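Q: Sharing a structure here in structure tokens format.
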Amino acid sequence: MIAKDLIAASAKPLLLSILSGGESYGYEIIQRVKTLSNGEIEWKDGMLYPVLHRLEKQGLIESYWQTAENGRKRKYYRIKPKGQTELVQERRQWNIVNATLARLWEGRICPE
């Protein structure tokens, strides 16, 4: 199980990365994260929507309502240019953290 703090810290870059690949709605985002993590990360609505709303208030993403083929209305989210710029910074920062940890752990046997 992944620590809640790490899941919370990774939410912004994960969401921006997913939305940089195209617009999506809540349930689809939750399923995409689960698939990408091989089931290791399971977001719930109560975690996802506050982050989406925060990113929207920051001007990084925008939302709109659309009626699906089955007649249900869904709220879709898409990344804005400011969000693309932010994603570049997020990617740089996460790459630095990842590389630092990899150097620390190289050659060491760490239990998984």
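Each chain of the structure tokens is named A, B, ... in the order shown, its residues numbered from 1; ligands are numbered from 1 in display order.
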Please list as number ranges by chain every residue within 12 Å of Ile61 in chain A, counting only C-alpha atoms and excluding residues in the same chain fewer than 3 positions away.
A: A: 12, 15-20, 22-24, 51-58, 64, 76-87
Q: Could you pull out the strand (DSSP E or B) residues of chain A from DSSP and send them as number ranges by chain?
A: A: 24-25, 61-67, 73-79
Q: Just N, CA and C atoms for this one: save the residues we selected as a short mmCIF file (atom, residue, chain, number, x, y, z; two decimals), in the first residue's frame.
A:
```
data_model
loop_
_atom_site.label_atom_id
_atom_site.label_comp_id
_atom_site.auth_asym_id
_atom_site.auth_seq_id
_atom_site.Cartn_x
_atom_site.Cartn_y
_atom_site.Cartn_z
N SER A 24 -11.03 14.31 -19.94
CA SER A 24 -11.52 13.12 -19.27
C SER A 24 -12.50 13.54 -18.17
N TYR A 25 -13.23 12.57 -17.65
CA TYR A 25 -14.15 12.81 -16.54
C TYR A 25 -13.71 11.98 -15.33
N ILE A 61 -6.55 23.82 -15.15
CA ILE A 61 -7.49 23.00 -15.92
C ILE A 61 -8.82 23.74 -16.00
N GLU A 62 -9.70 23.26 -16.86
CA GLU A 62 -11.05 23.80 -16.93
C GLU A 62 -12.02 22.63 -17.08
N SER A 63 -13.28 22.88 -16.75
CA SER A 63 -14.28 21.84 -16.83
C SER A 63 -15.47 22.31 -17.65
N TYR A 64 -16.22 21.34 -18.13
CA TYR A 64 -17.46 21.63 -18.84
C TYR A 64 -18.35 20.40 -18.75
N TRP A 65 -19.64 20.61 -18.88
CA TRP A 65 -20.60 19.52 -18.83
C TRP A 65 -20.92 19.05 -20.24
N GLN A 66 -21.08 17.74 -20.37
CA GLN A 66 -21.44 17.16 -21.66
C GLN A 66 -22.35 15.96 -21.40
N THR A 67 -23.33 15.77 -22.29
CA THR A 67 -24.22 14.64 -22.17
C THR A 67 -23.62 13.45 -22.90
N LYS A 73 -25.37 13.27 -17.85
CA LYS A 73 -24.45 14.40 -17.95
C LYS A 73 -23.19 14.08 -17.18
N ARG A 74 -22.05 14.40 -17.79
CA ARG A 74 -20.75 14.20 -17.15
C ARG A 74 -19.97 15.50 -17.19
N LYS A 75 -19.21 15.70 -16.14
CA LYS A 75 -18.33 16.87 -16.09
C LYS A 75 -16.95 16.44 -16.58
N TYR A 76 -16.53 17.03 -17.67
CA TYR A 76 -15.23 16.73 -18.27
C TYR A 76 -14.22 17.79 -17.86
N TYR A 77 -12.96 17.36 -17.80
CA TYR A 77 -11.86 18.26 -17.45
C TYR A 77 -10.83 18.22 -18.56
N ARG A 78 -10.22 19.39 -18.81
CA ARG A 78 -9.13 19.45 -19.79
C ARG A 78 -8.08 20.42 -19.29
N ILE A 79 -6.87 20.16 -19.72
CA ILE A 79 -5.74 20.98 -19.28
C ILE A 79 -5.72 22.28 -20.09
#
```
Q: Could you please determine the separation between CA of Pro13 in chain A and CA of Asp45 in chain A in Å, to one decimal place?
A: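 About the pair CA of Pro13 in chain A and CA of Asp45 in chain A: they are 17.5 Å apart.
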Q: Mind checking which residues fall within 12 Å of Met1 in chain A, counting only C-alpha atoms, ignoring those fewer than 3 positions away in the same chain, and posting them as a PyMOL selection string?
A: chain A and resi 4-7+37+39-42+112
Q: Go ahead and write the residues just picked, all heavy atoms, as a short mmCIF file (atom, residue, chain, number, x, y, z; two decimals), in the first residue's frame.
A:
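part-v6.cif, freshly written:
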```cif
data_model
loop_
_atom_site.label_atom_id
_atom_site.label_comp_id
_atom_site.auth_asym_id
_atom_site.auth_seq_id
_atom_site.Cartn_x
_atom_site.Cartn_y
_atom_site.Cartn_z
N LYS A 4 -0.54 7.61 2.14
CA LYS A 4 -1.48 8.67 1.74
C LYS A 4 -0.75 9.97 1.39
O LYS A 4 -1.15 10.68 0.48
CB LYS A 4 -2.51 8.92 2.83
CG LYS A 4 -3.51 7.81 2.96
CD LYS A 4 -4.53 8.12 4.03
CE LYS A 4 -5.51 6.96 4.16
NZ LYS A 4 -6.55 7.24 5.13
N ASP A 5 0.32 10.27 2.12
CA ASP A 5 1.07 11.50 1.85
C ASP A 5 1.67 11.48 0.45
O ASP A 5 1.68 12.50 -0.25
CB ASP A 5 2.19 11.70 2.88
CG ASP A 5 1.67 12.06 4.25
OD1 ASP A 5 0.47 12.39 4.38
OD2 ASP A 5 2.46 12.02 5.21
N LEU A 6 2.19 10.33 0.04
CA LEU A 6 2.78 10.21 -1.29
C LEU A 6 1.71 10.28 -2.37
O LEU A 6 1.91 10.90 -3.41
CB LEU A 6 3.59 8.92 -1.40
CG LEU A 6 4.42 8.74 -2.67
CD1 LEU A 6 5.34 9.93 -2.91
CD2 LEU A 6 5.22 7.46 -2.60
N ILE A 7 0.57 9.66 -2.11
CA ILE A 7 -0.53 9.73 -3.07
C ILE A 7 -0.99 11.18 -3.22
O ILE A 7 -1.20 11.66 -4.33
CB ILE A 7 -1.69 8.81 -2.64
CG1 ILE A 7 -1.27 7.35 -2.85
CG2 ILE A 7 -2.96 9.11 -3.42
CD1 ILE A 7 -2.25 6.33 -2.33
N SER A 37 -1.11 2.24 -12.53
CA SER A 37 -0.36 1.81 -11.35
C SER A 37 -0.49 0.31 -11.08
O SER A 37 -0.08 -0.16 -10.02
CB SER A 37 -0.82 2.60 -10.12
OG SER A 37 -2.14 2.21 -9.75
N GLY A 39 -3.04 -1.26 -10.27
CA GLY A 39 -3.90 -1.44 -9.11
C GLY A 39 -3.31 -0.99 -7.79
O GLY A 39 -3.94 -1.13 -6.74
N GLU A 40 -2.11 -0.44 -7.81
CA GLU A 40 -1.44 -0.02 -6.57
C GLU A 40 -1.98 1.30 -6.02
O GLU A 40 -1.90 1.56 -4.83
CB GLU A 40 0.07 0.11 -6.80
CG GLU A 40 0.77 -1.20 -7.13
CD GLU A 40 0.87 -2.15 -5.95
OE1 GLU A 40 0.95 -1.67 -4.79
OE2 GLU A 40 0.84 -3.36 -6.18
N ILE A 41 -2.50 2.14 -6.91
CA ILE A 41 -3.07 3.43 -6.49
C ILE A 41 -4.56 3.40 -6.82
O ILE A 41 -4.94 3.26 -7.97
CB ILE A 41 -2.40 4.62 -7.22
CG1 ILE A 41 -0.90 4.64 -6.94
CG2 ILE A 41 -3.05 5.93 -6.78
CD1 ILE A 41 -0.15 5.69 -7.75
N GLU A 42 -5.36 3.51 -5.78
CA GLU A 42 -6.81 3.52 -5.96
C GLU A 42 -7.37 4.80 -5.37
O GLU A 42 -7.47 4.94 -4.16
CB GLU A 42 -7.45 2.30 -5.29
CG GLU A 42 -7.15 1.01 -6.03
CD GLU A 42 -8.04 -0.13 -5.55
OE1 GLU A 42 -9.26 0.08 -5.42
OE2 GLU A 42 -7.49 -1.22 -5.34
N GLU A 112 11.02 -4.66 -0.52
CA GLU A 112 9.90 -4.03 -1.23
C GLU A 112 8.64 -4.11 -0.44
O GLU A 112 8.42 -4.92 0.36
CB GLU A 112 9.72 -4.69 -2.59
CG GLU A 112 10.86 -4.35 -3.50
CD GLU A 112 10.59 -4.77 -4.93
OE1 GLU A 112 9.44 -4.98 -5.29
OE2 GLU A 112 11.55 -4.85 -5.68
#
```
Q: Skip Leu48 in chain A itself and residues of its chain fewer than 4 positions away, then list as a PyMOL selection string all residues within 8 Å of it, counting only C-alpha atoms.
A: chain A and resi 26+30+43-44+52
Q: Grab the residues selected above and save them as an mmCIF file, in the first residue's frame with N, CA, C and O atoms.
A:
```
data_model
loop_
_atom_site.group_PDB
_atom_site.id
_atom_site.type_symbol
_atom_site.label_atom_id
_atom_site.label_comp_id
_atom_site.auth_asym_id
_atom_site.auth_seq_id
_atom_site.Cartn_x
_atom_site.Cartn_y
_atom_site.Cartn_z
ATOM 1 N N GLY A 26 -14.284 12.274 -14.175
ATOM 2 C CA GLY A 26 -13.825 11.721 -12.907
ATOM 3 C C GLY A 26 -13.622 10.221 -12.871
ATOM 4 O O GLY A 26 -12.534 9.740 -12.548
ATOM 5 N N ILE A 30 -10.073 8.076 -12.468
ATOM 6 C CA ILE A 30 -9.828 7.114 -11.383
ATOM 7 C C ILE A 30 -9.400 5.764 -11.966
ATOM 8 O O ILE A 30 -8.446 5.144 -11.485
ATOM 9 N N TRP A 43 -7.685 5.739 -6.250
ATOM 10 C CA TRP A 43 -8.271 6.997 -5.810
ATOM 11 C C TRP A 43 -9.759 6.810 -5.579
ATOM 12 O O TRP A 43 -10.414 6.022 -6.233
ATOM 13 N N LYS A 44 -10.284 7.588 -4.664
ATOM 14 C CA LYS A 44 -11.717 7.647 -4.397
ATOM 15 C C LYS A 44 -12.206 9.035 -4.795
ATOM 16 O O LYS A 44 -11.435 9.988 -4.908
ATOM 17 N N LEU A 52 -9.153 18.248 -8.303
ATOM 18 C CA LEU A 52 -9.604 18.817 -9.577
ATOM 19 C C LEU A 52 -10.102 20.243 -9.385
ATOM 20 O O LEU A 52 -9.768 21.138 -10.169
#
```
Q: Would you give me, as an mmCIF file with N, CA and C atoms, in the first residue's frame, the residues in chain A that DSSP reads as helix (DSSP H, G or I)?
A:
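Here's the written file part_28.cif:
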```
data_model
loop_
_atom_site.group_PDB
_atom_site.id
_atom_site.type_symbol
_atom_site.label_atom_id
_atom_site.label_comp_id
_atom_site.auth_asym_id
_atom_site.auth_seq_id
_atom_site.Cartn_x
_atom_site.Cartn_y
_atom_site.Cartn_z
ATOM 1 N N LYS A 4 -0.544 7.613 2.144
ATOM 2 C CA LYS A 4 -1.476 8.669 1.740
ATOM 3 C C LYS A 4 -0.750 9.965 1.391
ATOM 4 N N ASP A 5 0.318 10.274 2.118
ATOM 5 C CA ASP A 5 1.071 11.502 1.851
ATOM 6 C C ASP A 5 1.670 11.482 0.447
ATOM 7 N N LEU A 6 2.192 10.331 0.043
ATOM 8 C CA LEU A 6 2.785 10.212 -1.287
ATOM 9 C C LEU A 6 1.707 10.280 -2.370
ATOM 10 N N ILE A 7 0.574 9.662 -2.111
ATOM 11 C CA ILE A 7 -0.533 9.734 -3.066
ATOM 12 C C ILE A 7 -0.993 11.178 -3.220
ATOM 13 N N ALA A 8 -1.112 11.885 -2.106
ATOM 14 C CA ALA A 8 -1.538 13.290 -2.161
ATOM 15 C C ALA A 8 -0.517 14.142 -2.911
ATOM 16 N N ALA A 9 0.757 13.915 -2.651
ATOM 17 C CA ALA A 9 1.807 14.706 -3.309
ATOM 18 C C ALA A 9 1.865 14.446 -4.808
ATOM 19 N N SER A 10 1.497 13.253 -5.221
ATOM 20 C CA SER A 10 1.594 12.903 -6.643
ATOM 21 C C SER A 10 0.320 13.208 -7.425
ATOM 22 N N ALA A 11 -0.738 13.624 -6.746
ATOM 23 C CA ALA A 11 -2.026 13.840 -7.410
ATOM 24 C C ALA A 11 -1.949 14.902 -8.512
ATOM 25 N N LYS A 12 -1.326 16.024 -8.219
ATOM 26 C CA LYS A 12 -1.256 17.112 -9.199
ATOM 27 C C LYS A 12 -0.521 16.690 -10.466
ATOM 28 N N PRO A 13 0.712 16.155 -10.373
ATOM 29 C CA PRO A 13 1.376 15.764 -11.618
ATOM 30 C C PRO A 13 0.672 14.620 -12.337
ATOM 31 N N LEU A 14 0.056 13.705 -11.589
ATOM 32 C CA LEU A 14 -0.688 12.629 -12.244
ATOM 33 C C LEU A 14 -1.878 13.178 -13.027
ATOM 34 N N LEU A 15 -2.650 14.055 -12.397
ATOM 35 C CA LEU A 15 -3.817 14.621 -13.076
ATOM 36 C C LEU A 15 -3.426 15.451 -14.295
ATOM 37 N N LEU A 16 -2.421 16.297 -14.132
ATOM 38 C CA LEU A 16 -1.991 17.110 -15.272
ATOM 39 C C LEU A 16 -1.471 16.229 -16.403
ATOM 40 N N SER A 17 -0.761 15.168 -16.060
ATOM 41 C CA SER A 17 -0.239 14.258 -17.083
ATOM 42 C C SER A 17 -1.362 13.538 -17.808
ATOM 43 N N ILE A 18 -2.334 13.059 -17.056
ATOM 44 C CA ILE A 18 -3.475 12.371 -17.679
ATOM 45 C C ILE A 18 -4.230 13.322 -18.591
ATOM 46 N N LEU A 19 -4.501 14.519 -18.115
ATOM 47 C CA LEU A 19 -5.264 15.481 -18.915
ATOM 48 C C LEU A 19 -4.460 16.043 -20.086
ATOM 49 N N SER A 20 -3.141 15.967 -20.015
ATOM 50 C CA SER A 20 -2.343 16.413 -21.166
ATOM 51 C C SER A 20 -2.525 15.453 -22.340
ATOM 52 N N GLY A 26 -14.284 12.274 -14.175
ATOM 53 C CA GLY A 26 -13.825 11.721 -12.907
ATOM 54 C C GLY A 26 -13.622 10.221 -12.871
ATOM 55 N N TYR A 27 -14.666 9.453 -13.170
ATOM 56 C CA TYR A 27 -14.559 7.994 -13.083
ATOM 57 C C TYR A 27 -13.479 7.472 -14.025
ATOM 58 N N GLU A 28 -13.403 8.044 -15.198
ATOM 59 C CA GLU A 28 -12.400 7.618 -16.177
ATOM 60 C C GLU A 28 -10.981 7.906 -15.662
ATOM 61 N N ILE A 29 -10.800 9.035 -15.010
ATOM 62 C CA ILE A 29 -9.499 9.387 -14.427
ATOM 63 C C ILE A 29 -9.129 8.385 -13.339
ATOM 64 N N ILE A 30 -10.073 8.076 -12.468
ATOM 65 C CA ILE A 30 -9.828 7.114 -11.383
ATOM 66 C C ILE A 30 -9.400 5.764 -11.966
ATOM 67 N N GLN A 31 -10.089 5.313 -13.000
ATOM 68 C CA GLN A 31 -9.758 4.033 -13.620
ATOM 69 C C GLN A 31 -8.395 4.079 -14.307
ATOM 70 N N ARG A 32 -8.073 5.204 -14.914
ATOM 71 C CA ARG A 32 -6.780 5.342 -15.605
ATOM 72 C C ARG A 32 -5.630 5.251 -14.607
ATOM 73 N N VAL A 33 -5.761 5.917 -13.466
ATOM 74 C CA VAL A 33 -4.723 5.864 -12.432
ATOM 75 C C VAL A 33 -4.567 4.433 -11.924
ATOM 76 N N LYS A 34 -5.675 3.767 -11.694
ATOM 77 C CA LYS A 34 -5.636 2.380 -11.221
ATOM 78 C C LYS A 34 -4.925 1.488 -12.237
ATOM 79 N N THR A 35 -5.252 1.658 -13.510
ATOM 80 C CA THR A 35 -4.626 0.857 -14.568
ATOM 81 C C THR A 35 -3.139 1.159 -14.683
ATOM 82 N N LEU A 36 -2.787 2.436 -14.726
ATOM 83 C CA LEU A 36 -1.382 2.832 -14.872
ATOM 84 C C LEU A 36 -0.516 2.340 -13.719
ATOM 85 N N ASP A 45 -13.515 9.144 -5.008
ATOM 86 C CA ASP A 45 -14.106 10.435 -5.373
ATOM 87 C C ASP A 45 -13.718 11.533 -4.391
ATOM 88 N N GLY A 46 -13.723 11.205 -3.113
ATOM 89 C CA GLY A 46 -13.435 12.185 -2.075
ATOM 90 C C GLY A 46 -12.027 12.736 -2.121
ATOM 91 N N MET A 47 -11.140 12.036 -2.788
ATOM 92 C CA MET A 47 -9.768 12.518 -2.952
ATOM 93 C C MET A 47 -9.621 13.265 -4.274
ATOM 94 N N LEU A 48 -10.248 12.732 -5.328
ATOM 95 C CA LEU A 48 -10.072 13.278 -6.673
ATOM 96 C C LEU A 48 -10.688 14.662 -6.851
ATOM 97 N N TYR A 49 -11.954 14.802 -6.505
ATOM 98 C CA TYR A 49 -12.655 16.042 -6.842
ATOM 99 C C TYR A 49 -12.117 17.287 -6.139
ATOM 100 N N PRO A 50 -11.696 17.221 -4.886
ATOM 101 C CA PRO A 50 -11.073 18.417 -4.301
ATOM 102 C C PRO A 50 -9.801 18.845 -5.044
ATOM 103 N N VAL A 51 -9.021 17.881 -5.518
ATOM 104 C CA VAL A 51 -7.803 18.221 -6.269
ATOM 105 C C VAL A 51 -8.179 18.831 -7.615
ATOM 106 N N LEU A 52 -9.153 18.248 -8.303
ATOM 107 C CA LEU A 52 -9.604 18.817 -9.577
ATOM 108 C C LEU A 52 -10.102 20.243 -9.385
ATOM 109 N N HIS A 53 -10.877 20.471 -8.343
ATOM 110 C CA HIS A 53 -11.399 21.825 -8.088
ATOM 111 C C HIS A 53 -10.272 22.805 -7.770
ATOM 112 N N ARG A 54 -9.269 22.339 -7.013
ATOM 113 C CA ARG A 54 -8.129 23.205 -6.702
ATOM 114 C C ARG A 54 -7.355 23.567 -7.966
ATOM 115 N N LEU A 55 -7.120 22.580 -8.838
ATOM 116 C CA LEU A 55 -6.405 22.838 -10.092
ATOM 117 C C LEU A 55 -7.200 23.788 -10.984
ATOM 118 N N GLU A 56 -8.513 23.669 -10.931
ATOM 119 C CA GLU A 56 -9.362 24.567 -11.717
ATOM 120 C C GLU A 56 -9.271 25.997 -11.175
ATOM 121 N N LYS A 57 -9.307 26.155 -9.853
ATOM 122 C CA LYS A 57 -9.183 27.490 -9.248
ATOM 123 C C LYS A 57 -7.827 28.117 -9.561
ATOM 124 N N PRO A 81 -3.349 25.877 -21.200
ATOM 125 C CA PRO A 81 -1.930 26.165 -21.464
ATOM 126 C C PRO A 81 -1.112 26.389 -20.195
ATOM 127 N N LYS A 82 -1.683 27.078 -19.225
ATOM 128 C CA LYS A 82 -0.982 27.289 -17.950
ATOM 129 C C LYS A 82 -0.707 25.944 -17.267
ATOM 130 N N GLY A 83 -1.622 24.998 -17.405
ATOM 131 C CA GLY A 83 -1.441 23.667 -16.842
ATOM 132 C C GLY A 83 -0.331 22.903 -17.543
ATOM 133 N N GLN A 84 -0.205 23.092 -18.853
ATOM 134 C CA GLN A 84 0.878 22.453 -19.607
ATOM 135 C C GLN A 84 2.229 22.974 -19.117
ATOM 136 N N THR A 85 2.303 24.274 -18.891
ATOM 137 C CA THR A 85 3.529 24.877 -18.380
ATOM 138 C C THR A 85 3.854 24.342 -16.990
ATOM 139 N N GLU A 86 2.837 24.248 -16.156
ATOM 140 C CA GLU A 86 3.010 23.718 -14.800
ATOM 141 C C GLU A 86 3.453 22.260 -14.838
ATOM 142 N N LEU A 87 2.927 21.493 -15.789
ATOM 143 C CA LEU A 87 3.298 20.087 -15.918
ATOM 144 C C LEU A 87 4.785 19.939 -16.229
ATOM 145 N N VAL A 88 5.327 20.814 -17.038
ATOM 146 C CA VAL A 88 6.765 20.777 -17.327
ATOM 147 C C VAL A 88 7.563 20.937 -16.036
ATOM 148 N N GLN A 89 7.149 21.875 -15.186
ATOM 149 C CA GLN A 89 7.831 22.095 -13.907
ATOM 150 C C GLN A 89 7.665 20.904 -12.968
ATOM 151 N N GLU A 90 6.455 20.364 -12.908
ATOM 152 C CA GLU A 90 6.196 19.194 -12.060
ATOM 153 C C GLU A 90 7.067 18.015 -12.499
ATOM 154 N N ARG A 91 7.138 17.797 -13.803
ATOM 155 C CA ARG A 91 7.940 16.686 -14.332
ATOM 156 C C ARG A 91 9.410 16.863 -13.966
ATOM 157 N N ARG A 92 9.923 18.075 -14.092
ATOM 158 C CA ARG A 92 11.318 18.360 -13.748
ATOM 159 C C ARG A 92 11.574 18.062 -12.273
ATOM 160 N N GLN A 93 10.688 18.528 -11.413
ATOM 161 C CA GLN A 93 10.860 18.329 -9.974
ATOM 162 C C GLN A 93 10.789 16.844 -9.598
ATOM 163 N N TRP A 94 9.829 16.130 -10.146
ATOM 164 C CA TRP A 94 9.708 14.707 -9.835
ATOM 165 C C TRP A 94 10.892 13.919 -10.382
ATOM 166 N N ASN A 95 11.416 14.307 -11.526
ATOM 167 C CA ASN A 95 12.599 13.630 -12.066
ATOM 168 C C ASN A 95 13.807 13.821 -11.152
ATOM 169 N N ILE A 96 13.936 15.009 -10.564
ATOM 170 C CA ILE A 96 15.033 15.265 -9.632
ATOM 171 C C ILE A 96 14.888 14.386 -8.392
ATOM 172 N N VAL A 97 13.698 14.332 -7.826
ATOM 173 C CA VAL A 97 13.460 13.506 -6.635
ATOM 174 C C VAL A 97 13.716 12.035 -6.960
ATOM 175 N N ASN A 98 13.176 11.567 -8.091
ATOM 176 C CA ASN A 98 13.349 10.173 -8.484
ATOM 177 C C ASN A 98 14.834 9.834 -8.684
ATOM 178 N N ALA A 99 15.562 10.702 -9.377
ATOM 179 C CA ALA A 99 16.988 10.448 -9.625
ATOM 180 C C ALA A 99 17.783 10.445 -8.308
ATOM 181 N N THR A 100 17.428 11.327 -7.399
ATOM 182 C CA THR A 100 18.116 11.385 -6.111
ATOM 183 C C THR A 100 17.893 10.101 -5.322
ATOM 184 N N LEU A 101 16.663 9.643 -5.270
ATOM 185 C CA LEU A 101 16.374 8.387 -4.577
ATOM 186 C C LEU A 101 17.057 7.206 -5.256
ATOM 187 N N ALA A 102 17.060 7.187 -6.579
ATOM 188 C CA ALA A 102 17.715 6.094 -7.303
ATOM 189 C C ALA A 102 19.205 6.040 -6.978
ATOM 190 N N ARG A 103 19.865 7.204 -6.897
ATOM 191 C CA ARG A 103 21.289 7.234 -6.547
ATOM 192 C C ARG A 103 21.511 6.735 -5.121
ATOM 193 N N LEU A 104 20.613 7.119 -4.216
ATOM 194 C CA LEU A 104 20.732 6.665 -2.831
ATOM 195 C C LEU A 104 20.568 5.157 -2.722
ATOM 196 N N TRP A 105 19.683 4.600 -3.505
ATOM 197 C CA TRP A 105 19.343 3.191 -3.379
ATOM 198 C C TRP A 105 20.152 2.284 -4.295
#
```
